[in-house]
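start.cif, holding mmCIF, C-alpha atoms and all ligand atoms:
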```cif
data_query
loop_
_atom_site.group_PDB
_atom_site.id
_atom_site.type_symbol
_atom_site.label_atom_id
_atom_site.label_comp_id
_atom_site.auth_asym_id
_atom_site.auth_seq_id
_atom_site.Cartn_x
_atom_site.Cartn_y
_atom_site.Cartn_z
ATOM 1 C CA MET K 1397 0.000 0.000 0.000
ATOM 2 C CA SER K 1398 1.308 3.451 -0.909
ATOM 3 C CA ASP K 1399 1.742 6.346 1.482
ATOM 4 C CA LEU K 1400 -1.390 8.229 2.431
ATOM 5 C CA PHE K 1401 -1.873 11.972 2.067
ATOM 6 C CA THR K 1402 -4.245 14.362 3.744
ATOM 7 C CA VAL K 1403 -6.396 16.464 1.443
ATOM 8 C CA ALA K 1404 -8.057 19.597 2.787
ATOM 9 C CA VAL K 1405 -10.464 20.999 0.256
ATOM 10 C CA THR K 1406 -13.506 23.250 0.119
ATOM 11 C CA VAL K 1407 -16.359 21.761 -1.885
ATOM 12 C CA ASN K 1408 -19.556 23.731 -2.413
ATOM 13 C CA GLY K 1409 -18.572 26.023 0.447
ATOM 14 C CA THR K 1410 -17.948 23.219 2.952
ATOM 15 C CA GLN K 1411 -14.470 22.306 4.157
ATOM 16 C CA TYR K 1412 -13.489 18.640 4.073
ATOM 17 C CA GLU K 1413 -10.395 16.815 5.171
ATOM 18 C CA ARG K 1414 -9.745 13.230 4.148
ATOM 19 C CA THR K 1415 -6.721 10.951 4.115
ATOM 20 C CA VAL K 1416 -6.356 9.271 0.743
ATOM 21 C CA GLU K 1417 -4.029 7.312 -1.482
ATOM 22 C CA PRO K 1418 -2.148 9.540 -3.946
ATOM 23 C CA ARG K 1419 -3.563 7.586 -6.910
ATOM 24 C CA LEU K 1420 -7.186 8.418 -6.010
ATOM 25 C CA LEU K 1421 -8.832 10.399 -8.799
ATOM 26 C CA LEU K 1422 -10.580 13.620 -7.909
ATOM 27 C CA SER K 1423 -13.800 12.302 -9.481
ATOM 28 C CA ASP K 1424 -13.707 9.219 -7.248
ATOM 29 C CA PHE K 1425 -12.837 11.369 -4.240
ATOM 30 C CA LEU K 1426 -15.920 13.527 -4.810
ATOM 31 C CA ARG K 1427 -18.207 10.553 -5.421
ATOM 32 C CA HIS K 1428 -16.908 7.971 -2.978
ATOM 33 C CA GLU K 1429 -15.232 9.927 -0.190
ATOM 34 C CA LEU K 1430 -17.661 12.860 -0.079
ATOM 35 C CA GLY K 1431 -20.773 11.146 -1.444
ATOM 36 C CA LEU K 1432 -21.281 13.846 -4.089
ATOM 37 C CA THR K 1433 -22.494 11.560 -6.857
ATOM 38 C CA GLY K 1434 -23.815 14.382 -9.029
ATOM 39 C CA THR K 1435 -20.404 14.459 -10.695
ATOM 40 C CA HIS K 1436 -20.660 11.650 -13.215
ATOM 41 C CA VAL K 1437 -17.922 9.471 -14.603
ATOM 42 C CA GLY K 1438 -18.229 8.386 -18.222
ATOM 43 C CA CYS K 1439 -15.036 7.764 -20.135
ATOM 44 C CA GLU K 1440 -12.537 8.280 -17.294
ATOM 45 C CA HIS K 1441 -9.969 9.592 -19.730
ATOM 46 C CA GLY K 1442 -10.827 13.192 -20.403
ATOM 47 C CA VAL K 1443 -13.033 12.829 -23.464
ATOM 48 C CA CYS K 1444 -16.715 13.017 -22.472
ATOM 49 C CA GLY K 1445 -16.796 15.950 -20.035
ATOM 50 C CA ALA K 1446 -19.327 14.265 -17.710
ATOM 51 C CA CYS K 1447 -16.999 14.693 -14.717
ATOM 52 C CA THR K 1448 -16.508 18.453 -15.167
ATOM 53 C CA VAL K 1449 -16.395 20.515 -11.963
ATOM 54 C CA LEU K 1450 -15.290 24.060 -11.273
ATOM 55 C CA PHE K 1451 -11.776 24.051 -9.818
ATOM 56 C CA ASP K 1452 -11.091 27.508 -8.374
ATOM 57 C CA GLY K 1453 -13.824 28.734 -10.732
ATOM 58 C CA VAL K 1454 -12.431 27.101 -13.859
ATOM 59 C CA PRO K 1455 -14.005 24.036 -15.515
ATOM 60 C CA ALA K 1456 -11.829 20.978 -14.998
ATOM 61 C CA ARG K 1457 -12.195 17.280 -15.774
ATOM 62 C CA SER K 1458 -12.086 15.650 -12.388
ATOM 63 C CA CYS K 1459 -11.209 12.255 -13.922
ATOM 64 C CA LEU K 1460 -7.909 13.728 -15.111
ATOM 65 C CA MET K 1461 -6.872 15.004 -11.692
ATOM 66 C CA PHE K 1462 -5.789 13.355 -8.505
ATOM 67 C CA ALA K 1463 -7.577 14.213 -5.289
ATOM 68 C CA VAL K 1464 -4.283 15.336 -3.738
ATOM 69 C CA GLN K 1465 -4.051 18.089 -6.376
ATOM 70 C CA ALA K 1466 -7.171 19.633 -4.861
ATOM 71 C CA ASN K 1467 -5.456 20.209 -1.527
ATOM 72 C CA GLY K 1468 -6.018 23.854 -0.542
ATOM 73 C CA HIS K 1469 -8.333 24.532 -3.469
ATOM 74 C CA GLU K 1470 -12.006 25.265 -3.948
ATOM 75 C CA ILE K 1471 -14.365 23.064 -5.943
ATOM 76 C CA LEU K 1472 -17.926 23.578 -7.070
ATOM 77 C CA THR K 1473 -19.938 20.541 -8.125
ATOM 78 C CA VAL K 1474 -23.453 20.392 -9.505
ATOM 79 C CA GLU K 1475 -24.745 19.884 -5.943
ATOM 80 C CA GLY K 1476 -23.562 23.411 -5.148
ATOM 81 C CA LEU K 1477 -25.275 25.015 -8.107
ATOM 82 C CA GLY K 1478 -28.887 25.126 -7.025
ATOM 83 C CA THR K 1479 -31.488 23.275 -5.009
ATOM 84 C CA PRO K 1480 -34.764 21.716 -6.240
ATOM 85 C CA GLU K 1481 -36.552 24.690 -4.684
ATOM 86 C CA ASN K 1482 -34.104 27.243 -6.015
ATOM 87 C CA LEU K 1483 -32.655 26.093 -9.317
ATOM 88 C CA HIS K 1484 -29.779 27.898 -10.998
ATOM 89 C CA PRO K 1485 -31.026 29.664 -14.193
ATOM 90 C CA LEU K 1486 -29.133 27.093 -16.276
ATOM 91 C CA GLN K 1487 -30.842 24.222 -14.488
ATOM 92 C CA GLU K 1488 -34.215 25.904 -14.892
ATOM 93 C CA ALA K 1489 -33.576 26.433 -18.616
ATOM 94 C CA PHE K 1490 -32.370 22.853 -19.152
ATOM 95 C CA TRP K 1491 -35.609 21.688 -17.552
ATOM 96 C CA GLU K 1492 -37.851 24.028 -19.512
ATOM 97 C CA ALA K 1493 -36.142 23.564 -22.895
ATOM 98 C CA HIS K 1494 -35.672 19.770 -22.508
ATOM 99 C CA GLY K 1495 -31.879 20.091 -22.476
ATOM 100 C CA ALA K 1496 -31.627 16.852 -20.504
ATOM 101 C CA GLN K 1497 -32.919 13.424 -21.411
ATOM 102 C CA CYS K 1498 -31.205 10.640 -19.470
ATOM 103 C CA GLY K 1499 -29.306 13.365 -17.601
ATOM 104 C CA PHE K 1500 -25.983 11.536 -17.452
ATOM 105 C CA CYS K 1501 -24.091 14.258 -19.261
ATOM 106 C CA THR K 1502 -26.033 17.149 -17.716
ATOM 107 C CA PRO K 1503 -23.873 17.969 -14.658
ATOM 108 C CA GLY K 1504 -20.823 18.260 -16.899
ATOM 109 C CA PHE K 1505 -22.636 20.541 -19.320
ATOM 110 C CA LEU K 1506 -23.902 22.730 -16.495
ATOM 111 C CA MET K 1507 -20.504 23.110 -14.858
ATOM 112 C CA THR K 1508 -18.929 23.913 -18.233
ATOM 113 C CA LEU K 1509 -21.577 26.517 -18.956
ATOM 114 C CA VAL K 1510 -21.656 28.410 -15.651
ATOM 115 C CA PRO K 1511 -18.429 30.374 -16.257
ATOM 116 C CA PHE K 1512 -19.175 30.588 -19.985
ATOM 117 C CA LEU K 1513 -22.439 32.460 -19.379
ATOM 118 C CA GLU K 1514 -20.838 34.626 -16.715
ATOM 119 C CA GLU K 1515 -18.246 35.713 -19.257
ATOM 120 C CA ASN K 1516 -20.620 35.888 -22.202
ATOM 121 C CA PRO K 1517 -24.233 36.498 -21.165
ATOM 122 C CA ASN K 1518 -25.377 37.070 -24.755
ATOM 123 C CA PRO K 1519 -23.793 34.244 -26.760
ATOM 124 C CA THR K 1520 -24.496 33.364 -30.366
ATOM 125 C CA GLU K 1521 -25.497 29.824 -31.269
ATOM 126 C CA GLU K 1522 -22.041 29.298 -32.710
ATOM 127 C CA GLU K 1523 -20.407 30.419 -29.472
ATOM 128 C CA ILE K 1524 -22.649 28.078 -27.487
ATOM 129 C CA ARG K 1525 -21.771 25.157 -29.745
ATOM 130 C CA GLU K 1526 -18.083 25.989 -29.372
ATOM 131 C CA ALA K 1527 -18.443 26.208 -25.572
ATOM 132 C CA ILE K 1528 -20.004 22.746 -25.330
ATOM 133 C CA SER K 1529 -17.779 21.139 -27.953
ATOM 134 C CA GLY K 1530 -15.857 19.279 -25.255
ATOM 135 C CA ASN K 1531 -18.936 17.679 -23.728
ATOM 136 C CA LEU K 1532 -20.566 14.592 -25.204
ATOM 137 C CA CYS K 1533 -24.275 13.824 -25.066
ATOM 138 C CA ARG K 1534 -25.675 10.604 -26.482
ATOM 139 C CA CYS K 1535 -29.353 11.537 -26.186
ATOM 140 C CA THR K 1536 -30.298 15.053 -27.174
ATOM 141 C CA GLY K 1537 -28.617 15.659 -30.514
ATOM 142 C CA TYR K 1538 -27.411 18.887 -28.843
ATOM 143 C CA GLN K 1539 -30.108 21.175 -30.303
ATOM 144 C CA HIS K 1540 -32.177 21.141 -27.106
ATOM 145 C CA ILE K 1541 -29.036 21.882 -25.104
ATOM 146 C CA VAL K 1542 -28.236 24.851 -27.333
ATOM 147 C CA ASP K 1543 -31.850 26.032 -26.916
ATOM 148 C CA ALA K 1544 -31.531 25.637 -23.143
ATOM 149 C CA VAL K 1545 -28.357 27.714 -23.023
ATOM 150 C CA THR K 1546 -30.001 30.426 -25.132
ATOM 151 C CA LEU K 1547 -32.926 30.436 -22.704
ATOM 152 C CA ALA K 1548 -30.594 30.488 -19.694
ATOM 153 C CA ALA K 1549 -28.754 33.465 -21.169
ATOM 154 C CA GLU K 1550 -32.078 35.308 -21.472
ATOM 155 C CA LYS K 1551 -32.855 34.480 -17.846
ATOM 156 C CA VAL K 1552 -29.446 35.652 -16.680
ATOM 157 C CA ARG K 1553 -29.801 38.952 -18.570
ATOM 158 C CA THR K 1554 -33.274 39.812 -17.230
HETATM 159 S S1 LIG T 1 -15.302 10.963 -17.219
HETATM 160 FE FE1 LIG T 1 -13.965 12.638 -17.238
HETATM 161 S S2 LIG T 1 -13.974 13.350 -19.243
HETATM 162 FE FE2 LIG T 1 -15.202 11.546 -19.326
HETATM 163 S S1 LIG T 2 -28.991 13.539 -21.835
HETATM 164 FE FE1 LIG T 2 -28.339 11.469 -21.995
HETATM 165 S S2 LIG T 2 -26.232 11.631 -22.448
HETATM 166 FE FE2 LIG T 2 -26.953 13.666 -22.535
#
```

Render the structure in this file as structure tokens.
Amino acid sequence: MSDLFTVAVTVNGTQYERTVEPRLLLSDFLRHELGLTGTHVGCEHGVCGACTVLFDGVPARSCLMFAVQANGHEILTVEGLGTPENLHPLQEAFWEAHGAQCGFCTPGFLMTLVPFLEENPNPTEEEIREAISGNLCRCTGYQHIVDAVTLAAEKVRT
């Protein structure tokens, strides 16, 4: 067994400290150590985007990082975005515009899009498609997701 390391990390505003093996992926840390299963794991090699979280405010693929790299950093997962009673505008728009079908890819899309809409609250369809080009969805054909982001942008602006 390899040496263990202590990881102190803030996730969705809560501080956690866990002792883990250095090989533990950040995605597995979030899901198995913290029980935050909203971060999904698809390909586990950086291709699908399902595991995307905000790492110090920047979208990052948690399957490509080790948990120990998060020591001293701040992470936002989909659980920290909104609540069923108080959805984030993106979540509301995905619901209203049918941007999610099975929902497996949805957390990754949402976490990719949060900073995108903050930086560009009035995106063109082309810009939206470019922004989500690193996230794979096997259900929607993407058009409903693009519609949802357009709707979310309207919500954010008003
Ligand atoms: S699970 Fe991380 S990119 Fe697919
Ligand atoms: S909604 Fe099923 S993979 Fe995107």

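Environment of ligand LIG 2 (chain T), defined as every protein or nucleic acid residue with an atom within 9 Å of it and counting only C-alpha atoms and all ligand atoms, comprises Ala1446, Gly1495, Ala1496, Gln1497, Cys1498, Gly1499, Phe1500, Cys1501, Thr1502, Phe1505, Leu1532, Cys1533, Arg1534, Cys1535, Thr1536, Gly1537, Tyr1538 and Ile1541 of chain K.
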
Fill in: Close residues to ligand LIG 1 (chain T) using all atoms listed in the file, limit 10 Å, as a VMD selection string
chain K and resid 1422 to 1423 1435 to 1449 1456 to 1461 1501 1504 1530 to 1532

Worksheet item: Any chance you could work out the residue set of the PyMOL selection byres (((chain K and resi 1507-1519) around 7) and not hetatm) here, as number ranges by chain?
Response: K: 1448-1450, 1455, 1474, 1503-1506, 1520-1521, 1523-1524, 1549, 1552-1553

Discussion item. Quick one: residues within 9 Å of Ala1548 (chain K), all atoms listed in the file, excluding same-chain residues fewer than 6 positions away - as a PyMOL selection string?
Written reply: chain K and resi 1485-1490+1513+1517

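Distance-wise, CA of Leu1477 (chain K) and CA of Thr1415 (chain K) end up 26.3 Å apart.
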
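With CA of Ala1404 (chain K) on one side and CA of Leu1472 (chain K) on the other, the separation reads 14.5 Å.
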
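Every protein or nucleic acid residue with an atom no more than 9 Å from Asp1399 (chain K), counting only C-alpha atoms and leaving out same-chain residues fewer than 3 positions away, appears here: Val1416, Glu1417 and Pro1418 of chain K.
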
Just C-alpha atoms for this one: save the residues we selected as a JSON list (two decimals), in the coordinates of the input.
```json
[["chain", "number", "residue", "atom", "x", "y", "z"],
["K", 1416, "VAL", "CA", -6.36, 9.27, 0.74],
["K", 1417, "GLU", "CA", -4.03, 7.31, -1.48],
["K", 1418, "PRO", "CA", -2.15, 9.54, -3.95]]
```

Which centre and which edge lengths, in Å to one decimal, describe the axis-aligned box that holds all listed atoms of region 1398-1409 of chain K after 5 Å is added on each side, as lines of an AutoDock Vina configuration file?
```
center_x = -8.9
center_y = 14.7
center_z = 0.7
size_x = 31.3
size_y = 32.6
size_z = 16.2
```

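Here CA of Ile1471 (chain K) and CA of Gly1409 (chain K) stand 8.2 Å from one another.
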